[in-house]
4 protein chains.
Amino acid sequence: MNTLAGGAEGTGVFAVVGGTLIDGNGGTPRPETVVLMENGRFSAVGRRGEVAIPPGATVIDASGQFVLPGLMNGNVHLLDAIMMMGKGGAEYLARFEGRLHEVIEEASQLSLRGGCTTVFDTWNALVPVLNARDRINAGQAQGARIFAAGNIVGMGGPFSADYSMQSRQVISKTFADRMDTLFDAGVGRILSTLPPEEVRPIIRDYIAQGLDMLKVAISDHLVVTLGWQSPYLCFSERVLRVIAEEVRRAGIPLVSHTLSVESLNIAVDLECDVMIHATITSLQPIPEDLLLRMAKGRGWSEIQPTTHGYQCHLDATNHPWAGYAGGAHEENTVRLIAAGAPIILGTDAGCTDPDILHDLPPEEIEDRPWTIGTDHLVWMRAMVEKGMTPMNAILSSTREVARAYGMVKDYGTVEAGKVADLIVVKRDPLADIARMSELAVVIKDGIPVDFEKLPTQRLVTKYPRGEDFERR
Amino acid sequence: MNTLAGGAEGTGVFAVVGGTLIDGNGGTPRPETVVLMENGRFSAVGRRGEVAIPPGATVIDASGQFVLPGLMNGNVHLLDAIMMMGKGGAEYLARFEGRLHEVIEEASQLSLRGGCTTVFDTWNALVPVLNARDRINAGQAQGARIFAAGNIVGMGGPFSADYSMQSRQVISKTFADRMDTLFDAGVGRILSTLPPEEVRPIIRDYIAQGLDMLKVAISDHLVVTLGWQSPYLCFSERVLRVIAEEVRRAGIPLVSHTLSVESLNIAVDLECDVMIHATITSLQPIPEDLLLRMAKGRGWSEIQPTTHGYQCHLDATNHPWAGYAGGAHEENTVRLIAAGAPIILGTDAGCTDPDILHDLPPEEIEDRPWTIGTDHLVWMRAMVEKGMTPMNAILSSTREVARAYGMVKDYGTVEAGKVADLIVVKRDPLADIARMSELAVVIKDGIPVDFEKLPTQRLVTKYPRGEDFERR
Amino acid sequence: MNTLAGGAEGTGVFAVVGGTLIDGNGGTPRPETVVLMENGRFSAVGRRGEVAIPPGATVIDASGQFVLPGLMNGNVHLLDAIMMMGKGGAEYLARFEGRLHEVIEEASQLSLRGGCTTVFDTWNALVPVLNARDRINAGQAQGARIFAAGNIVGMGGPFSADYSMQSRQVISKTFADRMDTLFDAGVGRILSTLPPEEVRPIIRDYIAQGLDMLKVAISDHLVVTLGWQSPYLCFSERVLRVIAEEVRRAGIPLVSHTLSVESLNIAVDLECDVMIHATITSLQPIPEDLLLRMAKGRGWSEIQPTTHGYQCHLDATNHPWAGYAGGAHEENTVRLIAAGAPIILGTDAGCTDPDILHDLPPEEIEDRPWTIGTDHLVWMRAMVEKGMTPMNAILSSTREVARAYGMVKDYGTVEAGKVADLIVVKRDPLADIARMSELAVVIKDGIPVDFEKLPTQRLVTKYPRGEDFERR
Amino acid sequence: MNTLAGGAEGTGVFAVVGGTLIDGNGGTPRPETVVLMENGRFSAVGRRGEVAIPPGATVIDASGQFVLPGLMNGNVHLLDAIMMMGKGGAEYLARFEGRLHEVIEEASQLSLRGGCTTVFDTWNALVPVLNARDRINAGQAQGARIFAAGNIVGMGGPFSADYSMQSRQVISKTFADRMDTLFDAGVGRILSTLPPEEVRPIIRDYIAQGLDMLKVAISDHLVVTLGWQSPYLCFSERVLRVIAEEVRRAGIPLVSHTLSVESLNIAVDLECDVMIHATITSLQPIPEDLLLRMAKGRGWSEIQPTTHGYQCHLDATNHPWAGYAGGAHEENTVRLIAAGAPIILGTDAGCTDPDILHDLPPEEIEDRPWTIGTDHLVWMRAMVEKGMTPMNAILSSTREVARAYGMVKDYGTVEAGKVADLIVVKRDPLADIARMSELAVVIKDGIPVDFEKLPTQRLVTKYPRGEDFERR
C-alpha cells in the first residue's frame, strides 16, 4: 500500500467503500457508504450506489467496518515533556541533540500509526518542531500533521526551575544553558518580570516565527515537586491582556496552561480557545460558577484522565503523579462531562525514551496516558469510564478539536471538501470504545498510510540500546 | 544604669542635657538642648535654660554629644530569613523549636544594643513573633519594640519551595511540615490558587490575629536558586485588590514583597505603604516612568544596599548573593536616591546562627548587611556611598519609617508628646555617618537601656557551642 | 516501689519468691524458687523452703510467674544510628547537641523498661556515652547498665560519607564538622590511610579513654546508598593485626563490623569476640566453610533478624532497608541457627526521634527492629520464627551475651554471687516467646525498678512536639 | 605527507636526516644523525655519512632539529575519567553511547597529534577500548597505539559511588545500569566482597578478554567528594595476592590505584610494576622508609603534577581538585624526584567534552593537566618545575614507560630493531622543556603522520555544538 508518494497507480483517487460512516457530526452512523478522495480532499461522501466511483480509483473495501474522521489529538508534546519534569530529560536531550526534529517526526509517526492524522503540539523546542512540521507538510517526512505552539510563553527550558533544575547538578552549564535557550525561545521566565509595553513586541516577534497557536503559562509548573499544590501565576492580567491582543491580531488560537482554580478563572476571562488540563486545579474542586462558565463559554477544555486501573496503581504506590488525574481532578472531569462542557482530547503524550519506560513496573506501562501512539486510545476509554458517551468521545477526538483550534472548515469530519483524513476500524466503536484500537485503514491527505510499518525511522524507539554496542 | 524596671530613683523622670539635637525633622541641629522624659514620653524639648528640669529627675549629661531619635528599622526578620534560603535553616529551627520567641527577643535585644528602639518584622513565625512583641511591650522581656507582619501572604514555610525545599531530603517530613505550618500561618502558597471570594475571609481572619501590618507576596522568591532572574507572580490583580481592601478596612499598613519590575509596578498601583527591597528587580533597571511614580507616590521604598567593599567581595567570588544589591540593583538605588524618592531603612537582618557565620570568610562578615545589630549601621554607610546625605540617611532611619508605617504621631522624632526613644552618639554623625556606631546612650520608652549588656539572654549567641559539651 | 535510691525499708535485701526459675544456664526450669539479693548481688538461689529469707527482707511474690536473668542486648546504638544513615540525623543532633548524654540515658531507660538490664553500645559519640555510662553506674541517673565502644574504629562521623554526607548540603559546615569530630573521636576514616606504626599509638590512646570494648570497621558502611552491595574494606590485615594486638593487650573484647563475606572471613581470622550483624553479607550466602568456622569458632555472631510480617512489608514496598535482613541474609540466619553457632541478641536499636517514627506508615512501626525498648522482644520472636528454640533465644539474650563480652563471671545468669539483675515475666516464655513482653518485675543491681514509669526524663520522647509551642 | 596508508612512493623506507638525536637512553645527544626506518622498525641509526640511505627512501630533513623517541603516556583514560567524577559524565555517555570506540580513537588521535605515539589506558570501558586498540593496530583507524587495562579491578562504573552516584537522581536506572555494566566489566565493586577462591576465576576470565595490563584498586576513589581524605581499601591482602598471582601467570604488568599511604605501602609490597598517581596520598607525606622502598624498588611511580600557575589558581579558588597535586602531594613529588625514584609520565587525561571545557574559566583551561594532547607537555614542564632535569623528563616519557610496562625490547628508544616511533622537535628541548610542543615531525610505525590534520574524525571535538542545529 502506498505511503508517502501518493496514489500509486496513477489517478491518485481513492474510494473507501461499504463501511458504516461515523462522520464526526454526531448523527446516526450511515451504513454502506462510499467516501471518495481526490487531490487530498474528500470529493464525495454518500450512500453506496449514489456516489459514482471514477475509473482508475483505488477501491478500499470497508464492508462491515466503520469509517471515522482521522483522529486529532489536541495536546501532545512530541518531545516527551513528562520526562523533562522527572528523570530522563538530561540523557534524552544529550542523546538526540541536533536530531530533535527527527525525534519529533518519529513521535508523530507513532501517533499516526495509532490513527491520529493531526496532532497539536502545545510545548516543544520551537525550531525543531517547526522544521518537523514543515518537512511533513512538504512530504519530506512522514507523520501526523503537526500544528505547533513552541514554548509555553513565560516558562523556562528543561533545565530551569520549571522542569528539572536538579539536572544541572550533574550536567555542564554550557549544555544546560544551550538547551534552555533552545526551548524557551526568547519567551521564557524573564517575560514574567517585564511591564506590558516590553512584553508586546517580544510576543509579536515570537508569533511571527510561524506558530500555529500560542500557549501562555497562566500559572506555573511546580506541581510534581510540590505535591500538586499551589502554583503561582506567571503574568499580571494586564500583561495577559497584551499577550491575548497580539494573539487575536495574528488570528491564531490562544491556548492556556493553568494548574489552579484562580489561573483557570483567568483563562476563562481571557476567552482562551483551548484550556489545557483544565481539570488540574491543585486538587481543589472547580467552583460551581466557574464550571458553568466553562460549560457555556467559548473555549474548549482539554482534559487528561487516567483509567481507573491506572489510577489505582498510582494511588496504591503513593506515586508522585497520583494527583495528576485523581481525587478532585477526577471529580472535575466527571462534573465537566456531566455539564456538557466542550471537551477535547489531549494527553501531554510524547515519544518517551525506552530506557525510561524500561524503568517502570508493568502497572505503569499499561494504560500509561503519556505514551504517544496509544495515548488517545487510553483517553477515550478513560473518558467513557468517567461518563462520556462513546459518540462524544469520538467527537471530542475529531470535530471538536478542529473547532477548538478554528480549523473545522478543513478538518474534523468526513465531508466533501475537507481534507481527506480518515480511519477505518474493524468493529463498531460505539458499542465498545476500546475497539478504536482495531485499525484497518489510516488515510491522511487522501492517501492510505502503511501505518503498521511506522515509525519508518527509529532513532528513539530502536531498542534494546545495548545491542547497538559493538561486540568483540 | 536602670534598664528594665524603669526610672530608678523614684520619679522616673530623665533629662538628657547639653547635647546637640538632631530631632528627626531634618532641620539644622540645635546645640545645648534639654530633652525631658516622663512616663515614657518626651515631656519637653528645648534649649538649655529654657526647659526646667524637675527636681528628682535623673540627668544624663550629653555635652559635646549628639542626640537623635531612637532608630527604626523598617524591615527585619528577627528569626534570620536569609539563612532559611540557604544553609542552616534546618539546624536552626531544630535547635530552637519551642523557644523561637526567645530567639526573637534575643534578636531584638541585639538590634536595641545597636540603637534601634523599634523594628518592623515583616516575615516571621506568626505566633512566636507576636508573643515576643507582647512580652516586650508588657515589660516581661527586654528588646527593641517589635511591629510584626507574620508570614508574607502567599508564601510557603521554610521547607517549601520558597525557602529550602532541599532540606526535606534530610529532615523528617513531620518536622518539616510542622515548621511550614507554623510559618505559613494559614496564608501560604495555597492562597495563590484560590478565587477572590475564598481569599477574602482567610485574610480577614489572618489580620484578626493581631498583625501590625500585612505583607503580601506580589512576586515569588526563587531568586537565589535561579540566579536572580525571573520570579513569577503570586496573585492575580483582582485577588490583590481583595487583600488590599481587607488591609485598608483593618487600618493597618500594606507592605509588598516584589522581585521584578512588573511586580513592583503592581505594588505601586496597589498603593502599598511600604515596598520592601524595591530595588531588587531581577537585575533589570526600573523603567523611568515607574521610578517617577515611586518618587512621587504615596508609598515608601525600602532599599537594601551593600557597601562597596562588600559588593566587591561578592562579585569577585561569584557569590550566589552577588545579584542582591549589585549591578542594576545598585543603579536602581542610586537613581531612587537621586530622584528624591521616599526611602526607608530596612535590611532583612536577623539573628544569624553563629555556626553559619563561622562558615564565612572574614570578607563576608565585615559589612554583612544581614547581621542584626550592625545591619542599620552598614545600611547608612552604604546609602551615603550611593549618594544619600547623612541627614537623609538619619531621616530614613527615623521619621520616614514612622511615616511609612503610619506611626509618626508617636514615633520617629524627638518632640514633646511622642514616645521617648532616643540615642546619643559621641561625635557628629552628619560629618561622618560611620559615627552612628559610637553610642553613648540608648533610651527606650523614656528609660535608659544598659545596652552594652545586651543581649541578656544568650540562647543563640552563646558561643562557641562546643563548650557546652560535657567534658570527661 | 523503690527505684533509684536502693532497698527502701532499710535492709536493702530483696527476695523473689515462688517463681519458676529459668536461670540462664539452659537447664530445666526450676519451680517454686527463692532468689535472694543483697548488696547488689545474688546471695542465694534455691528451692522455696531451702533458702532462708532474712528478716527485714522485702519479699516479692512471683508465684505462678517466671524468673529470668536480666536481659542483655549485645548491640545497640542508644543515639539512634539508623536515623543517621537516612533522614533525621541533622535535626536530631541539632536539637539535642549539648544534651546527648541525656538522650543516651533516656534510651537506656527505655531499654530497661523493656527488661534489658545491660546494653552494649557498639557505636555512639564517645564522650556522651561514657558520661552516661558513668552517671548510671554512679547512681546519678537511672537506666540500663551501659558498656560502650564509642566510634567504630575507621569510620567517619554522622555527616561523613559513612552516614549522611548529603546533610552537608543544608547544614552549616561548622556544625557538621563539630559533630563529625565528636563522633569520630580521633579514630575516623583517616586511620584507614595510615601505616601500622602510626595506627598503633592512636588505638592505644583511644582505648585509654575508658572503652569497655573496641569495635573495628572491617568493611565500610555504604550499604543502603548502594542497594546493599559491595562495601570496601577499611583496613589492611596488617593494620587490623596491630589493632587486635592493642585490644588484647588492654584486655577488652574485640568487636567487628562487617558487611561482606570477605570482611566476615577476616573477622573470623582475627578471632573477634563479637561479630556484629554477621549475617549481613551484601546479599551473598555465607560460604559453607566460613559458616562452619563461625559455628565452631571462638567468637559470637550477633544477628539482626526481622519478623516475617515486617520483612514482607519491606519487600512489598521495595523499601531501601529490604535487604537488611531479607533474602540471603535471612538464609544466613537460618543456617547459623541450624548449625548451632554461638549467637547473641543485638539490634542496632536506639532512641529514634518521634518525628521520624511519625513519618512511617503503621506497617513500619509494628515490629520495627530498631526501636529501643521493644527491639529485643521483636528479636526473640523473629529468631524463633527462623528456627531458634525459645530457650536458646533466652540464652542468646542473657548468658551468651555475657560470655561473648567476657563478663560471665558477673552477669548473664541467676546464680549466687553474680550481679543481681533479673526479670519476672507473667507467663511461661518457653511456651510462647512473645510472652517475654509480659513483665511483672525488673530488678537491676539487686533493686527493683519502677520500670513502668520509665523514662523518667523525656527529652526525646515527649510528644507531640507541637504542644511545646507557646500558644497565644 | 602520507598518514594512514604507509610509505607513499613505493619503498616505504623513510630516513630522518641531519637531526640531533636524543635517543632515549640518556646519553649525550648525537648531532648530524641518520635514522632509517623500514617495515615499521628502525633499521639503522647512526652518524650522517656512516649510515647508507637506500635508494627510493623518502628523506626527511631534520637539520638543526632534534630527534626523540615517540612519546609514551603511561596513564590516560581516553574516555575522560575526570569528568565522570564530577559534572558531565551523564551527558557525555548519553551522547556517545554506541560510539564510544570512536571517542576513544578520537582521543588517541589528539594524543598522537601532540607527539605521543603510544598511550597506556588504565581505565576505560573494556569492549570499546579493546576495539579501538585493535582497529588502530589493524590500520582501520588512526591514532596513538593503545595498550589497555579496561576497568580498575574492584571499582564500580560511572554511575556507582566510585564516580557519580548523584547522576542517578536525574537519569534512568536502565541507562545508568547499562553503563555501569559496560564499564565495570564484571570486575566491579562486588569483587571486594568475595573470598579469594571466588575472585581467582573471575580475574582469570577477565584477563583472558585480552587486556594488556591489569589495574587493581588497592584503595577506593571517593577523594574529591570527601575533600581528599581517607579512602578505604578495596581488597584484603590475601585477595590481592590471588589477583597478583593471576596477573603474573598471564605475563602482563600489574598496575595499582592507590590514594593513601597504606594502600601505597601495599602496592609496593605487591611489587606492582606501575603505581598510578603514587604521590596522591590523602594529603599525607609519604613516610621516609616507604619513599626509599619506592626509590629502590622494582616498580615505577606514575606521578601527576600541576604547574605552579595552575596550582595557584586551584588553591586561590578553593577548587575541589586543589588537593590533587598540591600540598603534601607536591612535596611527595619533589621528594621522589630528589630521591631518584623510577618515574613515568601519566596524566589521567582524556577527551574532555567541549561543553565541560566551556564551563571553565580561562585559568582552568591553560595548563589543565587532564586535556589529552597537551597533557604530556604540561607534565614535562611541571616536573621540571619540581626539580626533574629535562633529560629525565624525556626519559620518563619514553624509555621508562616502556620499561615499566615490560615493553622496552620494542619501544621507548631510537635504536635499530625497535618499533620506529619518533618525533622531531624544532629546537633543543634540553635547553627548555617547553619546546617539546614545537613538533616538526611525528612518525609512528615507521610512517610519518600528518599530525596537524588530527583528529580525522570529530565526533566529540566538533564545536560549537549549537551549530549542528538545523536552522529555519
# chains A, B, ... in the order shown; residues from 1 in each chain; ligands from 1

$ interface_residues --of "chain A" --to "chain D" --cutoff "6 Å" --atoms "only C-alpha atoms" --output "PDB file with N, CA and C atoms, in the first residue's frame"
ATOM      1  N   LYS A  87      12.947  12.167  35.779  1.00  0.00           N
ATOM      2  CA  LYS A  87      14.194  11.579  35.304  1.00  0.00           C
ATOM      3  C   LYS A  87      14.178  11.455  33.790  1.00  0.00           C
ATOM      4  N   GLY A  88      15.343  11.552  33.196  1.00  0.00           N
ATOM      5  CA  GLY A  88      15.462  11.194  31.798  1.00  0.00           C
ATOM      6  C   GLY A  88      15.712  12.335  30.841  1.00  0.00           C
ATOM      7  N   GLU A  91      19.522  12.815  29.756  1.00  0.00           N
ATOM      8  CA  GLU A  91      20.098  11.834  28.830  1.00  0.00           C
ATOM      9  C   GLU A  91      19.431  11.884  27.461  1.00  0.00           C
ATOM     10  N   ALA A  94      20.713  14.994  25.590  1.00  0.00           N
ATOM     11  CA  ALA A  94      22.109  14.782  25.197  1.00  0.00           C
ATOM     12  C   ALA A  94      22.184  13.792  24.044  1.00  0.00           C
ATOM     13  N   ARG A  95      21.384  12.775  24.128  1.00  0.00           N
ATOM     14  CA  ARG A  95      21.431  11.718  23.101  1.00  0.00           C
ATOM     15  C   ARG A  95      20.979  12.225  21.748  1.00  0.00           C
ATOM     16  N   GLY A  98      20.628  17.959  18.234  1.00  0.00           N
ATOM     17  CA  GLY A  98      20.981  18.076  16.806  1.00  0.00           C
ATOM     18  C   GLY A  98      20.057  17.263  15.927  1.00  0.00           C
ATOM     19  N   SER A 167      18.847  18.595  37.374  1.00  0.00           N
ATOM     20  CA  SER A 167      19.780  18.023  36.406  1.00  0.00           C
ATOM     21  C   SER A 167      21.055  18.847  36.310  1.00  0.00           C
ATOM     22  N   VAL A 170      24.439  17.727  37.655  1.00  0.00           N
ATOM     23  CA  VAL A 170      25.312  16.711  37.058  1.00  0.00           C
ATOM     24  C   VAL A 170      25.639  16.956  35.589  1.00  0.00           C
ATOM     25  N   ILE A 171      25.037  17.944  34.975  1.00  0.00           N
ATOM     26  CA  ILE A 171      25.384  18.226  33.582  1.00  0.00           C
ATOM     27  C   ILE A 171      26.103  19.570  33.487  1.00  0.00           C
ATOM     28  N   SER A 172      26.749  19.777  32.337  1.00  0.00           N
ATOM     29  CA  SER A 172      27.511  21.019  32.176  1.00  0.00           C
ATOM     30  C   SER A 172      26.550  22.193  32.043  1.00  0.00           C
ATOM     31  N   THR A 174      27.064  24.701  30.218  1.00  0.00           N
ATOM     32  CA  THR A 174      27.015  25.058  28.800  1.00  0.00           C
ATOM     33  C   THR A 174      25.904  24.309  28.076  1.00  0.00           C
ATOM     34  N   ASP A 355      14.397   3.762  27.632  1.00  0.00           N
ATOM     35  CA  ASP A 355      15.077   3.496  28.911  1.00  0.00           C
ATOM     36  C   ASP A 355      14.188   3.894  30.087  1.00  0.00           C
ATOM     37  N   ILE A 356      13.496   4.994  29.933  1.00  0.00           N
ATOM     38  CA  ILE A 356      12.588   5.432  30.997  1.00  0.00           C
ATOM     39  C   ILE A 356      11.438   4.432  31.150  1.00  0.00           C
ATOM     40  N   ASP A 359      12.390   1.413  33.008  1.00  0.00           N
ATOM     41  CA  ASP A 359      12.476   1.601  34.464  1.00  0.00           C
ATOM     42  C   ASP A 359      11.156   1.276  35.175  1.00  0.00           C
ATOM     43  N   ASP A 468      23.190  -1.963  20.196  1.00  0.00           N
ATOM     44  CA  ASP A 468      23.965  -1.095  19.315  1.00  0.00           C
ATOM     45  C   ASP A 468      25.461  -1.245  19.569  1.00  0.00           C
ATOM     46  N   PHE A 469      25.796  -1.733  20.746  1.00  0.00           N
ATOM     47  CA  PHE A 469      27.212  -1.750  21.078  1.00  0.00           C
ATOM     48  C   PHE A 469      27.963  -2.760  20.240  1.00  0.00           C
TER      49      PHE A 469
END

$ residues_around --residues "stretch 59-68 of chain D" --least-positions-apart "2" --cutoff "10 Å" --atoms "only C-alpha atoms" --output "ChimeraX atom specification"
/D:13-24,29-36,53-57,70-71,394-395,398,412-414,421-430,436,439-442,448

$ residues_around --residues "stretch 230-244 of chain B" --least-positions-apart "4" --cutoff "9 Å" --atoms "only C-alpha atoms" --output "PyMOL selection string"
(chain A and resi 154+188-193+219-220+231-238+262-263+266) or (chain B and resi 154-155+189+191-197+199-200+203-204+216-223+226+248-249+254+258-260+262-263+266+270-272+281-282)

$ select_by_dssp --residues "stretch 52-261 of chain D" --states "alpha helix (DSSP H)" --output "number ranges by chain"
D: 81-84, 89-96, 100-113, 126-137, 173-184, 196-207, 237-250, 261

$ closest_residue --among "B:Ser437, B:Gln457, B:Gln140, B:Thr181" --to "B:Leu377" --atoms "only C-alpha atoms"
B:Ser437
